[in-house]
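So the structure is just underneath, and the comments pick up after that.
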Amino acid sequence: MAKRDYYEVLGVKKGASAEELKKAYRTKAKELHPDRNADNPQAEAQFKEVNEAYDCLKDDQKKAAYDRFGHAAFENGMGGGPRSGAYGQQGDFASAFSDVFEDLFGDFMGRGGGGGGRSRAQRGSDLRYNLRVSLEEAYTGVQKTIQVPTSVTCDTCHGSGAEGGAEPVTCPTCNGMGKVRAQQGFFTIERTCHQCNGMGQIIKNPCRTCGGQGRMQKEKQLSVNIPQGVETGTRIRLAGEGEAGLRGGPNGDLYIFIEVKEHALFQRDGVHLFCRVPVSMPTAALGGEIEVPTIDGGKARVKVPAGAQSGKQMRLRMKGMPALRSSNTGDMVIELAVETPVNLTSRQRELLREFEKLSEENNPESSSFFSKVKGFWDGMKG
């Protein structure tokens, strides 16, 4: 089968510039790559054809020969062009494939966008700091000063990593790519360059203070504004306060994770607070008013209805926690706990017995019931 015209294969006009050829090749290679066309048996052959065409046209000498003689320029060894066959020479294929490899797998291999390891600067890591606050501080909001161990830009080399302001040089092993490739049959294996550690550049005279890193360890003091209504798990981001970038790269971010400590009186459920309040037996029986503490440090007066039992709940509107980044405020729910008096005096016992006797007289049915229960238990004991 006669070979198609190389320009037709790439979808460009004859006389296209090197940049146009490269752009067309990348588009075609990504479109026809076998890994993306597992269900298309013809994709592999077309992918080989695209690689062969670009391998010829990207080389000025080969391109000139092809423009003059066409495919005949490379027959019988003429012109030293691409060899007829699957992919041509291994070295030629590896060279052609390297351009599209970055586009197809650059992000997967950890490329930061735009050229793999060619840039010597790398963004610093994000940091996490756990901060505990009291419930009162979560209610009012507070400003905290924290000490964060981190890395900061080196004061001596100002982040360049080089002694005396010298400029880094291109890594001779990877030629500035930050990665080295090895051809194994059809596959190209890519690894981080061992000499520059993926930076693409090396420093001949590293800074003595930071050892060429452009940063050094230091404890940084920061002021953090904790807003009202924070809960355990709330995350606060401080942009640019993370670890310093490598060799002048941008700083990472600092994430502060909030933990609200348990309170001795209040239990929290979102914006609502719960509080268990002791009430004397006479107050619960006769009714009255009691004072209960509130989260703002004040007190609220609550009316207890006559005959209140333990477990009765009453709601105080707008006495709970503020909602985070909102004008809403929750409620406080109080639960009564009727106390049984202890350490009674003889007079108190006398009055309680009198009260019990009067209760039996006023409630004969209840008295009869308890008498039956008492008789039942006395019979069991006998």
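Residue names in the structure tokens use chain letters A, B, ... in the order shown, residue numbers from 1 in each chain, and ligand numbers from 1 in the order shown.
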Note to self: Need to verify the contact set: stretch 216-231 of chain A, 8 Å, only C-alpha atoms, exclusion of same-chain residues closer than 3 positions in sequence. Can you return it as a VMD selection string?
What the structure shows: chain A and resid 137 to 154 209 to 210 213 234 258 to 260 270 to 271 321 to 325
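From atom CA of A:Ala24 back to atom CA of A:Arg68, the distance works out to 21.8 Å.
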Checklist line | Interatomic distance (Å, one decimal) between atom CA of A:Pro293 and atom CA of A:Gly307 | finding: 22.9 Å
Item checked: Which of stretch 234-348 of chain A DSSP labels strand (DSSP E), written as a PyMOL selection string -> chain A and resi 235-238+254-260+266-269+272-280+288-293+299-304+313-316+332-339
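Counting only C-alpha atoms, A:Ala29 has the following residues at most 7 Å away, ignoring those fewer than 4 positions along the same chain: Tyr25, His33, Phe47, Val50 and Val100 of chain A.
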Preceding selection exported with N, CA, C and O atoms as a compact mmCIF listing (two decimals), in the first residue's frame:
```
# COMPACT_ATOMS: atom_id res chain seq x y z
N TYR A 25 0.95 17.59 15.32
CA TYR A 25 1.39 16.27 15.76
C TYR A 25 0.84 15.94 17.15
O TYR A 25 0.35 14.84 17.39
N HIS A 33 -3.62 7.87 20.25
CA HIS A 33 -2.78 7.05 21.12
C HIS A 33 -3.51 5.75 21.47
O HIS A 33 -4.69 5.76 21.84
N PHE A 47 -1.45 5.77 14.63
CA PHE A 47 -0.53 6.42 15.56
C PHE A 47 0.92 6.29 15.07
O PHE A 47 1.71 7.23 15.12
N VAL A 50 1.46 8.69 12.15
CA VAL A 50 1.63 10.08 12.59
C VAL A 50 3.04 10.30 13.12
O VAL A 50 3.68 11.32 12.83
N VAL A 100 4.77 14.45 22.86
CA VAL A 100 3.39 14.16 23.25
C VAL A 100 3.32 13.48 24.61
O VAL A 100 2.30 13.51 25.29
```
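Closest to A:Ala244 among A:Lys28, A:Ser125, A:Glu360, A:Gly198 is A:Ser125, based on only C-alpha atoms.
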Residues near A:Thr192, cut-off 10 Å, only C-alpha atoms, skip fewer than 5 positions along chain, as a JSON list (two decimals) with N, CA and C atoms, in the first residue's frame:
```json
[["chain", "number", "residue", "atom", "x", "y", "z"],
["A", 109, "MET", "N", 2.37, 12.18, 36.03],
["A", 109, "MET", "CA", 3.72, 11.99, 36.54],
["A", 109, "MET", "C", 4.12, 13.08, 37.52],
["A", 117, "GLY", "N", 9.86, 19.24, 34.92],
["A", 117, "GLY", "CA", 10.83, 19.70, 35.90],
["A", 117, "GLY", "C", 11.67, 20.84, 35.40],
["A", 174, "CYS", "N", 19.71, 15.62, 32.51],
["A", 174, "CYS", "CA", 18.37, 15.62, 31.91],
["A", 174, "CYS", "C", 18.13, 16.78, 30.97],
["A", 177, "MET", "N", 15.07, 18.94, 31.78],
["A", 177, "MET", "CA", 13.73, 18.37, 31.80],
["A", 177, "MET", "C", 13.30, 17.96, 33.21],
["A", 178, "GLY", "N", 14.28, 17.64, 34.07],
["A", 178, "GLY", "CA", 13.93, 17.15, 35.40],
["A", 178, "GLY", "C", 13.61, 15.67, 35.42],
["A", 179, "LYS", "N", 13.57, 15.06, 34.24],
["A", 179, "LYS", "CA", 13.25, 13.65, 34.11],
["A", 179, "LYS", "C", 14.15, 13.04, 33.06],
["A", 180, "VAL", "N", 14.44, 11.76, 33.22],
["A", 180, "VAL", "CA", 15.20, 11.03, 32.22],
["A", 180, "VAL", "C", 14.34, 9.88, 31.72],
["A", 181, "ARG", "N", 14.53, 9.54, 30.44],
["A", 181, "ARG", "CA", 13.70, 8.50, 29.83],
["A", 181, "ARG", "C", 14.57, 7.36, 29.35],
["A", 197, "ASN", "N", 17.23, 15.98, 41.07],
["A", 197, "ASN", "CA", 16.01, 15.64, 41.82],
["A", 197, "ASN", "C", 14.75, 16.25, 41.22],
["A", 198, "GLY", "N", 14.71, 16.28, 39.89],
["A", 198, "GLY", "CA", 13.52, 16.77, 39.21],
["A", 198, "GLY", "C", 13.46, 18.27, 39.02],
["A", 199, "MET", "N", 14.46, 19.00, 39.48],
["A", 199, "MET", "CA", 14.42, 20.46, 39.38],
["A", 199, "MET", "C", 14.77, 20.96, 37.98],
["A", 200, "GLY", "N", 15.55, 20.18, 37.23],
["A", 200, "GLY", "CA", 15.96, 20.63, 35.90],
["A", 200, "GLY", "C", 17.19, 21.51, 35.92]]
```
Check: In Å to one decimal, how far is atom CA of A:Tyr255 from atom CA of A:Ile295?
Finding: 27.9 Å
I'd like the neighbourhood of A:Leu246 as a tab-separated table (two decimals) with N, CA, C and O atoms, in the first residue's frame, where a residue qualifies if any of its atoms comes within 7 Å (using only C-alpha atoms), though same-chain residues fewer than 3 positions away should be ignored.
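Heads up, here's the output in around.tsv:
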```
chain	number	residue	atom	x	y	z
A	121	ALA	N	11.85	26.29	40.55
A	121	ALA	CA	11.06	26.66	41.73
A	121	ALA	C	9.92	25.68	41.93
A	121	ALA	O	9.28	25.25	40.98
A	122	GLN	N	9.69	25.32	43.19
A	122	GLN	CA	8.58	24.43	43.52
A	122	GLN	C	7.78	25.01	44.68
A	122	GLN	O	8.36	25.59	45.61
A	123	ARG	N	6.48	24.85	44.62
A	123	ARG	CA	5.61	25.36	45.67
A	123	ARG	C	5.86	24.61	46.97
A	123	ARG	O	6.10	23.41	46.97
A	124	GLY	N	5.81	25.34	48.08
A	124	GLY	CA	5.99	24.72	49.38
A	124	GLY	C	4.79	23.88	49.78
A	124	GLY	O	3.68	24.05	49.26
A	213	GLN	N	18.84	24.72	49.35
A	213	GLN	CA	17.39	24.53	49.33
A	213	GLN	C	16.63	25.83	49.13
A	213	GLN	O	15.48	25.83	48.67
A	214	GLY	N	17.23	26.93	49.51
A	214	GLY	CA	16.54	28.22	49.41
A	214	GLY	C	15.60	28.47	50.57
A	214	GLY	O	14.87	29.47	50.58
A	215	ARG	N	15.61	27.60	51.55
A	215	ARG	CA	14.75	27.76	52.71
A	215	ARG	C	15.41	27.09	53.92
A	215	ARG	O	16.29	26.25	53.77
A	249	GLY	N	10.26	29.21	45.16
A	249	GLY	CA	8.89	28.91	44.77
A	249	GLY	C	7.89	29.51	45.75
A	249	GLY	O	8.24	29.93	46.85
```
Check: Neighbours of A:Gly252 within 9 Å (only C-alpha atoms; same-chain residues fewer than 2 positions away dropped), as a PyMOL selection string?
Finding: chain A and resi 123-127+239-245+250+254
Note to self: At a cut-off of 9 Å, using only C-alpha atoms, what residues contact A:Lys261? Leave out same-chain residues fewer than 3 positions from it and give the result as a PyMOL selection string.
What the structure shows: chain A and resi 132-135+232
Checklist line | Residues flagged alpha helix (DSSP H) by DSSP in stretch 216-287 of chain A, as a VMD selection string | finding: chain A and resid 281 to 286
Go ahead and write the selection's residues with all heavy atoms as a JSON list (two decimals), in the first residue's frame.
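Written out: again_31.json:
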```
[["chain", "number", "residue", "atom", "x", "y", "z"],
["A", 281, "MET", "N", -36.79, 20.16, 95.95],
["A", 281, "MET", "CA", -38.08, 19.50, 95.96],
["A", 281, "MET", "C", -39.22, 20.47, 96.25],
["A", 281, "MET", "O", -40.26, 20.42, 95.58],
["A", 281, "MET", "CB", -38.08, 18.34, 96.96],
["A", 281, "MET", "CG", -39.33, 17.48, 96.88],
["A", 281, "MET", "SD", -39.24, 16.04, 97.96],
["A", 281, "MET", "CE", -39.28, 16.84, 99.58],
["A", 282, "PRO", "N", -39.09, 21.38, 97.22],
["A", 282, "PRO", "CA", -40.18, 22.33, 97.46],
["A", 282, "PRO", "C", -40.47, 23.22, 96.26],
["A", 282, "PRO", "O", -41.63, 23.48, 95.92],
["A", 282, "PRO", "CB", -39.68, 23.14, 98.65],
["A", 282, "PRO", "CG", -38.72, 22.25, 99.35],
["A", 282, "PRO", "CD", -38.05, 21.49, 98.26],
["A", 283, "THR", "N", -39.38, 23.68, 95.57],
["A", 283, "THR", "CA", -39.58, 24.53, 94.39],
["A", 283, "THR", "C", -40.28, 23.76, 93.29],
["A", 283, "THR", "O", -41.16, 24.28, 92.60],
["A", 283, "THR", "CB", -38.24, 25.09, 93.89],
["A", 283, "THR", "OG1", -37.60, 25.81, 94.93],
["A", 283, "THR", "CG2", -38.44, 25.99, 92.69],
["A", 284, "ALA", "N", -39.85, 22.51, 93.09],
["A", 284, "ALA", "CA", -40.48, 21.70, 92.05],
["A", 284, "ALA", "C", -41.94, 21.44, 92.38],
["A", 284, "ALA", "O", -42.80, 21.41, 91.48],
["A", 284, "ALA", "CB", -39.73, 20.38, 91.90],
["A", 285, "ALA", "N", -42.26, 21.26, 93.66],
["A", 285, "ALA", "CA", -43.65, 20.97, 94.06],
["A", 285, "ALA", "C", -44.52, 22.22, 94.03],
["A", 285, "ALA", "O", -45.66, 22.19, 93.56],
["A", 285, "ALA", "CB", -43.66, 20.35, 95.45],
["A", 286, "LEU", "N", -43.97, 23.33, 94.55],
["A", 286, "LEU", "CA", -44.78, 24.54, 94.69],
["A", 286, "LEU", "C", -44.64, 25.50, 93.52],
["A", 286, "LEU", "O", -45.48, 26.39, 93.34],
["A", 286, "LEU", "CB", -44.37, 25.26, 95.98],
["A", 286, "LEU", "CG", -44.52, 24.46, 97.27],
["A", 286, "LEU", "CD1", -43.98, 25.24, 98.46],
["A", 286, "LEU", "CD2", -45.97, 24.06, 97.49]]
```
